[in-house]
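J.: Sharing final.cif below, mmCIF, C-alpha atoms:
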```cif
data_structure
loop_
_atom_site.group_PDB
_atom_site.id
_atom_site.type_symbol
_atom_site.label_atom_id
_atom_site.label_comp_id
_atom_site.auth_asym_id
_atom_site.auth_seq_id
_atom_site.Cartn_x
_atom_site.Cartn_y
_atom_site.Cartn_z
ATOM 1 C CA MET A 438 139.461 78.597 74.886
ATOM 2 C CA SER A 439 141.762 81.470 73.910
ATOM 3 C CA SER A 440 140.210 84.831 73.080
ATOM 4 C CA LEU A 441 141.795 84.683 69.601
ATOM 5 C CA LEU A 442 140.312 81.268 68.822
ATOM 6 C CA ARG A 443 136.915 82.351 70.136
ATOM 7 C CA ARG A 444 136.968 85.347 67.767
ATOM 8 C CA LEU A 445 137.892 83.119 64.841
ATOM 9 C CA VAL A 446 135.221 80.485 65.386
ATOM 10 C CA SER A 447 132.606 83.110 66.174
ATOM 11 C CA ARG A 448 132.822 84.200 62.520
ATOM 12 C CA LEU A 449 131.407 80.836 61.472
ATOM 13 C CA ARG A 450 127.898 81.789 62.574
ATOM 14 C CA PRO A 451 126.474 85.291 62.694
ATOM 15 C CA SER A 452 125.049 86.677 65.889
ATOM 16 C CA PRO A 453 121.260 86.333 65.980
ATOM 17 C CA SER A 454 119.257 89.219 64.667
ATOM 18 C CA SER A 455 115.559 89.726 64.316
ATOM 19 C CA PRO A 456 114.485 87.372 61.520
ATOM 20 C CA ASP A 457 111.517 89.608 60.831
ATOM 21 C CA ALA A 458 113.597 92.706 60.270
ATOM 22 C CA ALA A 459 113.512 94.178 56.778
ATOM 23 C CA PRO A 460 116.514 93.442 54.542
ATOM 24 C CA ALA A 461 119.219 96.081 54.518
ATOM 25 C CA GLY A 462 118.586 97.035 50.902
ATOM 26 C CA PRO A 463 115.614 97.561 48.622
ATOM 27 C CA PRO A 464 112.916 94.906 48.271
ATOM 28 C CA THR A 465 113.243 92.443 45.440
ATOM 29 C CA ASP A 466 110.944 90.282 43.370
ATOM 30 C CA TYR A 467 111.757 86.633 43.789
ATOM 31 C CA PRO A 468 111.496 84.396 40.709
ATOM 32 C CA ALA A 469 108.482 82.189 40.086
ATOM 33 C CA SER A 470 110.528 79.076 40.847
ATOM 34 C CA PRO A 471 113.923 78.379 42.442
ATOM 35 C CA TRP A 472 114.854 76.727 39.145
ATOM 36 C CA ASP A 473 114.154 79.788 36.987
ATOM 37 C CA PRO A 474 117.317 80.866 35.128
ATOM 38 C CA PHE A 475 118.845 83.857 36.840
ATOM 39 C CA PRO A 476 119.988 86.833 34.777
ATOM 40 C CA GLU A 477 123.568 87.268 33.705
ATOM 41 C CA PRO A 478 125.014 90.094 35.816
ATOM 42 C CA GLY A 479 127.676 91.296 33.405
ATOM 43 C CA ASP A 480 131.426 90.863 33.398
ATOM 44 C CA ASN A 481 132.272 92.587 36.676
ATOM 45 C CA ALA A 482 128.989 92.297 38.523
ATOM 46 C CA VAL A 483 127.483 89.735 40.868
ATOM 47 C CA THR A 484 124.053 88.195 41.263
ATOM 48 C CA CYS A 485 122.120 86.506 44.049
ATOM 49 C CA ASN A 486 120.956 83.064 42.983
ATOM 50 C CA ILE A 487 118.167 83.179 45.596
ATOM 51 C CA CYS A 488 116.369 86.453 44.819
ATOM 52 C CA HIS A 489 118.023 87.313 41.457
ATOM 53 C CA TRP A 490 119.329 90.707 42.614
ATOM 54 C CA ARG A 491 122.168 92.044 40.454
ATOM 55 C CA GLY A 492 124.759 94.627 41.369
ATOM 56 C CA ASP A 493 128.399 95.643 41.473
ATOM 57 C CA GLY A 494 129.209 93.621 44.584
ATOM 58 C CA PHE A 495 127.926 92.002 47.747
ATOM 59 C CA GLU A 496 128.238 93.767 51.081
ATOM 60 C CA GLY A 497 131.252 92.749 53.160
ATOM 61 C CA GLY A 498 134.342 90.831 52.199
ATOM 62 C CA PRO A 499 134.614 87.259 50.903
ATOM 63 C CA HIS A 500 133.536 84.899 53.686
ATOM 64 C CA SER A 501 130.846 82.261 54.111
ATOM 65 C CA GLU A 502 129.254 84.461 56.792
ATOM 66 C CA ALA A 503 129.568 87.685 54.783
ATOM 67 C CA ALA A 504 129.160 88.778 51.148
ATOM 68 C CA THR A 505 125.593 89.809 51.974
ATOM 69 C CA CYS A 506 122.946 90.358 49.300
ATOM 70 C CA PRO A 507 121.546 93.880 49.864
ATOM 71 C CA ALA A 508 118.105 92.835 48.600
ATOM 72 C CA CYS A 509 117.226 89.578 50.399
ATOM 73 C CA GLY A 510 119.872 89.541 53.129
ATOM 74 C CA SER A 511 121.404 86.195 52.153
ATOM 75 C CA ILE A 512 125.013 85.578 53.061
ATOM 76 C CA ALA A 513 127.370 83.471 50.961
ATOM 77 C CA ARG A 514 126.628 80.142 52.631
ATOM 78 C CA ASP A 515 122.874 80.707 52.216
ATOM 79 C CA ARG A 516 123.421 81.062 48.503
ATOM 80 C CA PHE A 517 125.657 77.971 48.302
ATOM 81 C CA LEU A 518 123.016 75.861 50.075
ATOM 82 C CA PHE A 519 120.412 77.169 47.631
ATOM 83 C CA TRP A 520 122.770 76.519 44.724
ATOM 84 C CA ALA A 521 122.860 72.852 45.767
ATOM 85 C CA LEU A 522 119.068 72.775 45.599
ATOM 86 C CA GLN A 523 118.975 74.487 42.204
ATOM 87 C CA ARG A 524 121.718 72.429 40.571
ATOM 88 C CA HIS A 525 121.294 69.002 42.167
ATOM 89 C CA VAL A 526 117.574 68.542 42.861
ATOM 90 C CA GLU A 527 115.077 68.109 40.040
ATOM 91 C CA PRO A 528 112.369 70.821 39.901
ATOM 92 C CA CYS A 529 109.657 69.829 42.354
ATOM 93 C CA LEU A 530 107.385 72.764 43.184
ATOM 94 C CA GLY A 531 104.980 71.750 45.932
ATOM 95 C CA ALA A 532 107.412 69.274 47.526
ATOM 96 C CA ARG A 533 107.338 68.834 51.295
ATOM 97 C CA VAL A 534 110.359 70.842 52.483
ATOM 98 C CA LEU A 535 111.763 71.211 55.998
ATOM 99 C CA GLU A 536 114.507 73.775 56.678
ATOM 100 C CA THR A 537 116.212 73.561 60.058
ATOM 101 C CA SER A 538 117.208 76.732 61.920
ATOM 102 C CA PRO A 539 116.469 79.095 59.029
ATOM 103 C CA ARG A 540 118.704 82.141 59.127
ATOM 104 C CA MET A 541 116.769 84.311 56.676
ATOM 105 C CA GLY A 542 113.679 86.305 57.559
ATOM 106 C CA HIS A 543 109.938 86.235 57.007
ATOM 107 C CA HIS A 544 110.050 87.427 53.373
ATOM 108 C CA TYR A 545 112.226 84.483 52.366
ATOM 109 C CA ARG A 546 110.079 82.043 54.341
ATOM 110 C CA ALA A 547 106.898 83.390 52.738
ATOM 111 C CA VAL A 548 108.406 82.900 49.283
ATOM 112 C CA MET A 549 109.515 79.372 50.197
ATOM 113 C CA ALA A 550 105.946 78.637 51.332
ATOM 114 C CA GLY A 551 104.725 79.750 47.909
ATOM 115 C CA TRP A 552 107.137 77.402 46.161
ATOM 116 C CA PHE A 553 106.815 74.408 48.508
ATOM 117 C CA ASP A 554 104.832 72.816 51.306
ATOM 118 C CA TYR A 555 107.369 74.499 53.540
ATOM 119 C CA ARG A 556 108.057 74.280 57.250
ATOM 120 C CA CYS A 557 110.994 75.556 59.240
ATOM 121 C CA SER A 558 112.211 74.272 62.585
ATOM 122 C CA ASP A 559 114.598 75.128 65.386
ATOM 123 C CA PHE A 560 115.846 73.228 68.439
ATOM 124 C CA ASP A 561 114.932 75.745 71.138
ATOM 125 C CA LEU A 562 113.508 78.727 69.188
ATOM 126 C CA ARG A 563 116.126 80.880 70.907
ATOM 127 C CA ALA A 564 118.146 82.189 67.976
ATOM 128 C CA HIS A 565 115.827 81.463 65.052
ATOM 129 C CA VAL A 566 112.114 82.029 64.512
ATOM 130 C CA ALA A 567 110.486 78.841 63.241
ATOM 131 C CA ASP A 568 107.040 77.280 63.137
ATOM 132 C CA ILE A 569 107.949 73.932 64.730
ATOM 133 C CA GLN A 570 110.420 72.934 67.423
ATOM 134 C CA ILE A 571 112.550 69.897 66.557
ATOM 135 C CA ASP A 572 115.441 68.030 68.116
ATOM 136 C CA LEU A 573 117.235 66.327 65.222
ATOM 137 C CA GLN A 574 118.100 63.454 67.561
ATOM 138 C CA ALA A 575 114.381 62.701 68.049
ATOM 139 C CA ILE A 576 112.381 64.274 65.217
ATOM 140 C CA ASP A 577 108.702 64.515 66.089
ATOM 141 C CA LEU A 578 107.487 63.836 62.543
ATOM 142 C CA PRO A 579 106.073 60.680 60.920
ATOM 143 C CA ASP A 580 108.135 58.320 58.811
ATOM 144 C CA ASP A 581 108.529 59.294 55.136
ATOM 145 C CA SER A 582 106.814 62.658 55.721
ATOM 146 C CA ILE A 583 109.372 65.010 54.103
ATOM 147 C CA ASP A 584 110.701 65.192 50.547
ATOM 148 C CA ILE A 585 113.586 67.635 51.060
ATOM 149 C CA VAL A 586 115.430 68.634 54.225
ATOM 150 C CA MET A 587 117.726 71.664 54.082
ATOM 151 C CA THR A 588 119.926 71.790 57.173
ATOM 152 C CA PRO A 589 122.656 74.462 57.111
ATOM 153 C CA HIS A 590 125.323 74.659 59.817
ATOM 154 C CA VAL A 591 123.285 72.736 62.382
ATOM 155 C CA LEU A 592 124.735 69.215 62.618
ATOM 156 C CA GLU A 593 127.943 70.403 64.295
ATOM 157 C CA HIS A 594 125.780 71.515 67.246
ATOM 158 C CA VAL A 595 124.102 68.108 67.722
ATOM 159 C CA PRO A 596 125.698 65.902 70.425
ATOM 160 C CA ASP A 597 124.808 62.580 68.740
ATOM 161 C CA PHE A 598 125.020 63.406 65.055
ATOM 162 C CA GLU A 599 124.765 59.764 63.932
ATOM 163 C CA THR A 600 121.383 59.446 65.663
ATOM 164 C CA ALA A 601 120.357 62.687 63.947
ATOM 165 C CA LEU A 602 121.302 61.247 60.541
ATOM 166 C CA ALA A 603 119.288 58.116 61.296
ATOM 167 C CA GLU A 604 116.295 60.263 62.231
ATOM 168 C CA LEU A 605 116.630 62.294 59.050
ATOM 169 C CA SER A 606 116.725 59.055 57.071
ATOM 170 C CA ARG A 607 113.527 57.960 58.805
ATOM 171 C CA VAL A 608 111.502 61.102 58.051
ATOM 172 C CA ILE A 609 112.744 61.655 54.472
ATOM 173 C CA ALA A 610 110.634 59.707 51.989
ATOM 174 C CA PRO A 611 112.277 57.221 49.614
ATOM 175 C CA GLY A 612 113.740 59.188 46.735
ATOM 176 C CA GLY A 613 113.883 62.339 48.861
ATOM 177 C CA THR A 614 116.931 64.503 49.433
ATOM 178 C CA LEU A 615 118.918 65.801 52.372
ATOM 179 C CA ILE A 616 120.894 68.980 51.640
ATOM 180 C CA LEU A 617 123.416 69.088 54.467
ATOM 181 C CA GLN A 618 125.820 71.957 55.020
ATOM 182 C CA VAL A 619 128.424 72.096 57.785
ATOM 183 C CA PRO A 620 131.757 73.852 58.241
ATOM 184 C CA VAL A 621 134.512 71.503 57.028
ATOM 185 C CA LEU A 622 137.416 72.629 59.168
ATOM 186 C CA GLN A 623 139.849 69.717 59.248
ATOM 187 C CA GLY A 624 140.740 66.434 57.614
ATOM 188 C CA HIS A 625 138.783 64.153 59.933
ATOM 189 C CA THR A 626 135.639 64.291 62.035
ATOM 190 C CA ALA A 627 136.226 64.686 65.772
ATOM 191 C CA PRO A 628 134.988 66.686 68.770
ATOM 192 C CA PRO A 629 136.705 70.018 69.418
ATOM 193 C CA VAL A 630 139.821 69.678 71.523
ATOM 194 C CA GLU A 631 138.571 72.452 73.809
ATOM 195 C CA PRO A 632 135.183 74.133 74.366
ATOM 196 C CA GLU A 633 134.009 75.909 71.236
ATOM 197 C CA PHE A 634 131.017 78.121 70.543
ATOM 198 C CA HIS A 635 129.617 79.852 67.491
ATOM 199 C CA GLY A 636 128.515 83.453 67.365
ATOM 200 C CA ASP A 637 125.147 82.946 69.067
ATOM 201 C CA ASP A 638 126.815 81.058 71.967
ATOM 202 C CA THR A 639 125.705 77.691 70.606
ATOM 203 C CA PRO A 640 128.134 74.932 71.671
ATOM 204 C CA VAL A 641 130.001 73.029 68.984
ATOM 205 C CA PHE A 642 130.138 69.258 69.534
ATOM 206 C CA TRP A 643 131.747 68.209 66.242
ATOM 207 C CA ARG A 644 134.329 69.506 63.791
ATOM 208 C CA PHE A 645 133.679 67.712 60.510
ATOM 209 C CA GLY A 646 135.945 66.485 57.756
ATOM 210 C CA PRO A 647 135.083 65.148 54.276
ATOM 211 C CA GLY A 648 134.601 61.665 55.788
ATOM 212 C CA LEU A 649 131.086 62.682 56.822
ATOM 213 C CA THR A 650 130.176 61.065 53.486
ATOM 214 C CA ASP A 651 130.705 57.632 55.093
ATOM 215 C CA HIS A 652 128.388 58.443 58.001
ATOM 216 C CA LEU A 653 125.663 59.504 55.577
ATOM 217 C CA ALA A 654 126.043 56.201 53.696
ATOM 218 C CA SER A 655 125.694 54.283 56.969
ATOM 219 C CA ALA A 656 122.427 56.147 57.586
ATOM 220 C CA GLY A 657 120.996 54.979 54.249
ATOM 221 C CA PHE A 658 121.865 57.886 51.968
ATOM 222 C CA GLU A 659 123.654 57.980 48.632
ATOM 223 C CA ALA A 660 125.800 60.978 49.444
ATOM 224 C CA GLU A 661 127.760 63.329 47.229
ATOM 225 C CA LEU A 662 130.035 66.045 48.595
ATOM 226 C CA LEU A 663 129.812 69.299 46.639
ATOM 227 C CA ALA A 664 132.523 71.942 46.464
ATOM 228 C CA THR A 665 133.639 74.621 44.066
ATOM 229 C CA ALA A 666 135.815 73.702 41.075
ATOM 230 C CA GLU A 667 138.778 75.408 42.728
ATOM 231 C CA ILE A 668 138.667 72.871 45.585
ATOM 232 C CA VAL A 669 138.182 69.888 43.290
ATOM 233 C CA ASP A 670 141.062 71.007 41.042
ATOM 234 C CA ALA A 671 143.335 71.483 44.068
ATOM 235 C CA ALA A 672 142.568 67.977 45.315
ATOM 236 C CA ALA A 673 143.203 66.499 41.872
ATOM 237 C CA THR A 674 146.585 68.180 41.501
ATOM 238 C CA GLY A 675 147.719 67.864 45.106
ATOM 239 C CA ARG A 676 147.752 71.620 45.694
ATOM 240 C CA SER A 677 147.682 72.576 49.349
ATOM 241 C CA ASP A 678 148.355 76.303 49.023
ATOM 242 C CA LEU A 679 144.779 77.577 48.575
ATOM 243 C CA PRO A 680 144.024 80.683 50.635
ATOM 244 C CA SER A 681 143.068 79.140 53.963
ATOM 245 C CA PRO A 682 140.998 81.030 56.535
ATOM 246 C CA PRO A 683 142.500 80.790 60.043
ATOM 247 C CA GLU A 684 139.768 78.471 61.298
ATOM 248 C CA VAL A 685 140.287 75.929 58.472
ATOM 249 C CA ASP A 686 143.156 73.437 58.212
ATOM 250 C CA GLY A 687 143.255 73.761 54.444
ATOM 251 C CA PRO A 688 146.041 71.288 53.640
ATOM 252 C CA ALA A 689 144.418 68.592 55.787
ATOM 253 C CA VAL A 690 141.017 69.133 54.143
ATOM 254 C CA ILE A 691 142.496 68.954 50.637
ATOM 255 C CA ALA A 692 144.453 65.794 51.530
ATOM 256 C CA ALA A 693 141.315 64.122 52.959
ATOM 257 C CA LEU A 694 139.508 64.634 49.646
ATOM 258 C CA ALA A 695 141.733 61.906 48.156
ATOM 259 C CA ASP A 696 139.686 59.337 50.103
ATOM 260 C CA HIS A 697 136.397 61.243 50.116
ATOM 261 C CA PRO A 698 136.287 63.134 46.818
ATOM 262 C CA ALA A 699 134.107 66.121 46.074
ATOM 263 C CA THR A 700 132.120 66.966 42.951
ATOM 264 C CA ALA A 701 132.591 70.394 41.394
ATOM 265 C CA THR A 702 129.334 72.326 41.448
ATOM 266 C CA ALA A 703 130.425 75.891 40.615
ATOM 267 C CA ASP A 704 133.248 76.890 38.289
ATOM 268 C CA ARG A 705 135.492 79.839 39.091
ATOM 269 C CA VAL A 706 133.312 82.353 37.261
ATOM 270 C CA GLU A 707 130.151 81.101 38.993
ATOM 271 C CA ALA A 708 131.855 81.078 42.388
ATOM 272 C CA ARG A 709 132.975 84.694 42.008
ATOM 273 C CA ARG A 710 129.619 85.765 40.603
ATOM 274 C CA HIS A 711 127.641 84.368 43.546
ATOM 275 C CA GLY A 712 130.172 85.015 46.303
ATOM 276 C CA PHE A 713 131.394 81.458 46.983
ATOM 277 C CA GLU A 714 134.789 82.644 48.212
ATOM 278 C CA PRO A 715 137.145 81.682 49.819
ATOM 279 C CA ALA A 716 136.722 78.216 48.352
ATOM 280 C CA LEU A 717 137.587 76.319 51.545
ATOM 281 C CA HIS A 718 134.471 77.726 53.218
ATOM 282 C CA PHE A 719 132.044 76.006 50.861
ATOM 283 C CA PHE A 720 131.081 72.352 51.197
ATOM 284 C CA THR A 721 127.587 70.868 51.087
ATOM 285 C CA TRP A 722 126.372 67.278 50.861
ATOM 286 C CA ILE A 723 123.553 66.175 48.579
ATOM 287 C CA ALA A 724 122.313 62.974 50.188
ATOM 288 C CA ARG A 725 119.605 61.062 48.362
ATOM 289 C CA HIS A 726 117.474 58.637 50.331
ATOM 290 C CA ALA A 727 118.111 55.251 48.781
ATOM 291 C CA GLY A 728 114.731 53.947 49.978
#
```
Represent the structure contained in this file as structure tokens.

T.:
Amino acid sequence: MSSLLRRLVSRLRPSPSSPDAAPAGPPTDYPASPWDPFPEPGDNAVTCNICHWRGDGFEGGPHSEAATCPACGSIARDRFLFWALQRHVEPCLGARVLETSPRMGHHYRAVMAGWFDYRCSDFDLRAHVADIQIDLQAIDLPDDSIDIVMTPHVLEHVPDFETALAELSRVIAPGGTLILQVPVLQGHTAPPVEPEFHGDDTPVFWRFGPGLTDHLASAGFEAELLATAEIVDAAATGRSDLPSPPEVDGPAVIAALADHPATATADRVEARRHGFEPALHFFTWIARHAG
């Protein structure tokens, strides 16, 4: 793997840091529910849809692994995952929630435990602090025992992702929801052509395209791919000139959306306000267990 390519793909996952470290900025009061309306930040300001912090801008430039909230420490992809929960899951305080490989620290996890019957897991407990150890290919939980699974940027590190989807289908109760976030880097799903690692030296086994929707359907989910309105508009008009980060084959991704369309979940104002930029970095599947 070339040194340039390694630097590019390493940006897709931040290097591990102490999950119990205090956020970089001042403490914040989380809302009473994830579904509480968040305050309007003003014309030129931004707001965190997780902790409701407001300010002039996030820390760092536009990138899924940057645009950090100075209050809770969320990066842009954290907020997009949470946006999918807020906008596409009915309010369900007390639901049984599992989050795999949680990136955010103890304050966030304590708040989640106040909102939900919340557990967090990791494969080897090496890069993330969690309370249970789980291999998604063989989940040590009973059938129908979880209502919501939030799994951000994990599936690309699972050797047999189809077995993992089948296991997730088994443990999610009928009517439950899988919120699945992965980097969408190319037009089709395939293994990397050469060894690839993310920033914490975790090997990458799969590079996903929009066709992951079909695999979710085969596992028993009614799946909907979410993207920002900018992506959906580009696919509808055949535009292929969106700003494309070096690690993303933007034209191929946009072309693949003709066969596997996405639903717009954040308009341009909302995307700017919450840091969902550049648009090609933000895809998440809402997969409802058909039962």

J.: I'd like to know which of A:Gly657, A:Pro688, A:Gly712, A:Gly612 is closest to Glu527 in chain A, using all atoms listed in the file.

T.: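 Of all the options, A:Gly612 lies closest to Glu527 in chain A.
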
J.: Enumerate, as a list in words, the residues matched when the PyMOL selection byres ((chain A and resi 541) around 8) is run on the file above.

T.: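 So the PyMOL selection byres ((chain A and resi 541) around 8) ends up selecting Pro456, Gly510, Ser511, Pro539, Arg540, Gly542, His543, Tyr545 and Arg546 of chain A.
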
J.: What would the selection look like, as an mmCIF file with C-alpha atoms, in the frame of the given file, if the PyMOL selection byres ((chain A and resi 593) around 12) were run on the coordinates I just shared?

T.:
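The resulting out.cif:
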```
data_model
loop_
_atom_site.group_PDB
_atom_site.id
_atom_site.type_symbol
_atom_site.label_atom_id
_atom_site.label_comp_id
_atom_site.auth_asym_id
_atom_site.auth_seq_id
_atom_site.Cartn_x
_atom_site.Cartn_y
_atom_site.Cartn_z
ATOM 1 C CA LEU A 449 131.407 80.836 61.472
ATOM 2 C CA ARG A 450 127.898 81.789 62.574
ATOM 3 C CA LEU A 573 117.235 66.327 65.222
ATOM 4 C CA THR A 588 119.926 71.790 57.173
ATOM 5 C CA PRO A 589 122.656 74.462 57.111
ATOM 6 C CA HIS A 590 125.323 74.659 59.817
ATOM 7 C CA VAL A 591 123.285 72.736 62.382
ATOM 8 C CA LEU A 592 124.735 69.215 62.618
ATOM 9 C CA HIS A 594 125.780 71.515 67.246
ATOM 10 C CA VAL A 595 124.102 68.108 67.722
ATOM 11 C CA PRO A 596 125.698 65.902 70.425
ATOM 12 C CA ASP A 597 124.808 62.580 68.740
ATOM 13 C CA PHE A 598 125.020 63.406 65.055
ATOM 14 C CA GLU A 599 124.765 59.764 63.932
ATOM 15 C CA ALA A 601 120.357 62.687 63.947
ATOM 16 C CA LEU A 602 121.302 61.247 60.541
ATOM 17 C CA LEU A 617 123.416 69.088 54.467
ATOM 18 C CA GLN A 618 125.820 71.957 55.020
ATOM 19 C CA VAL A 619 128.424 72.096 57.785
ATOM 20 C CA PRO A 620 131.757 73.852 58.241
ATOM 21 C CA VAL A 621 134.512 71.503 57.028
ATOM 22 C CA LEU A 622 137.416 72.629 59.168
ATOM 23 C CA THR A 626 135.639 64.291 62.035
ATOM 24 C CA ALA A 627 136.226 64.686 65.772
ATOM 25 C CA PRO A 628 134.988 66.686 68.770
ATOM 26 C CA PRO A 629 136.705 70.018 69.418
ATOM 27 C CA GLU A 633 134.009 75.909 71.236
ATOM 28 C CA PHE A 634 131.017 78.121 70.543
ATOM 29 C CA HIS A 635 129.617 79.852 67.491
ATOM 30 C CA THR A 639 125.705 77.691 70.606
ATOM 31 C CA PRO A 640 128.134 74.932 71.671
ATOM 32 C CA VAL A 641 130.001 73.029 68.984
ATOM 33 C CA PHE A 642 130.138 69.258 69.534
ATOM 34 C CA TRP A 643 131.747 68.209 66.242
ATOM 35 C CA ARG A 644 134.329 69.506 63.791
ATOM 36 C CA PHE A 645 133.679 67.712 60.510
ATOM 37 C CA GLY A 646 135.945 66.485 57.756
ATOM 38 C CA LEU A 649 131.086 62.682 56.822
#
```

J.: Can you spell out as a list of chain:residue names the set of residues that the PyMOL selection byres ((chain A and resi 673-684) around 8) selects in the structure I just provided?

T.: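 Expected selection for the PyMOL selection byres ((chain A and resi 673-684) around 8) here is A:Leu445, A:Val446, A:Leu622, A:Val669, A:Asp670, A:Ala671, A:Ala672, A:Val685, A:Asp686, A:Gly687, A:Pro688, A:Ile691, A:Ala692, A:Ala695, A:Pro715, A:Leu717.
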
J.: Counting all atoms listed in the file, what is within 6 Å of range 578-587 of chain A, bar same-chain residues fewer than 3 positions away, as a PyMOL selection string?

T.: chain A and resi 533-536+607-610+613-616

J.: Excluding Ser538 in chain A and any residue of its chain fewer than 3 positions from it, enumerate the residues within 8 Å of it, using only C-alpha atoms, and give them as a ChimeraX atom specification.

T.: /A:557-560,565-567,588-589,591

J.: Using all atoms listed in the file, which residue out of A:Asn481, A:Ser501, A:Thr650, A:Gln574 lies closest to Ala724 in chain A?

T.: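 Of all the options, A:Thr650 lies closest to Ala724 in chain A.
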
J.: Leaving out Trp472 in chain A and any residue of its chain fewer than 6 positions from it, which residues lie within 12 Å of it when counting only C-alpha atoms, given as a list in words?

T.: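 Returned residues: Asn486, Ile487, Cys488, His489, Phe519, Trp520, Ala521, Leu522, Gln523, Arg524, His525, Val526, Glu527, Pro528, Cys529, Leu530 and Trp552 of chain A.
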
J.: One decimal, Å: what's the distance from CA of Ala660 in chain A over to CA of Phe475 in chain A, could you say?

T.: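 Value for the CA of Ala660 in chain A-CA of Phe475 in chain A distance: 27.0 Å.
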
J.: Find, counting only C-alpha atoms, the residue in A:Ala547, A:Ala482, A:Leu605, A:Ala503 that gets nearest to Asp572 in chain A.

T.: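 Closest to Asp572 in chain A, using only C-alpha atoms: A:Leu605.
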
J.: To one decimal place, how far is CA of Gly624 in chain A from CA of Ala689 in chain A in Å?

T.: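 The value is 4.6 Å.
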
J.: Please measure the separation of CA of Ala513 in chain A and CA of Trp490 in chain A, giving the value in Å to one decimal.

T.: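 Rounded to one decimal, the two atoms are 13.7 Å apart.
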
J.: Here is a test: counting all atoms listed in the file, which residue of A:Pro474, A:Pro632, A:Phe517, A:Ile512 is nearest to His500 in chain A?

T.: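 Selected residue with least distance to His500 in chain A: A:Ile512.
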
J.: Compare A:Gly498, A:Pro476, A:Gly492, A:Pro471 by their minimum atom-to-atom distance to Glu714 in chain A, counting all atoms listed in the file, and give me the closest one.

T.: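 Selected residue with least distance to Glu714 in chain A: A:Gly498.
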
J.: Determine the nearest neighbour of Val706 in chain A from the options A:Leu518, A:Val483, A:Ala603, A:Ala727, counting all atoms listed in the file.

T.: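 So, comparing all the options, the nearest one is A:Val483.
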
J.: Just the residues within 7 Å of Thr702 in chain A, please, counting only C-alpha atoms, with nothing from its chain fewer than 6 positions along; format it as a count of residues only.

T.: 4
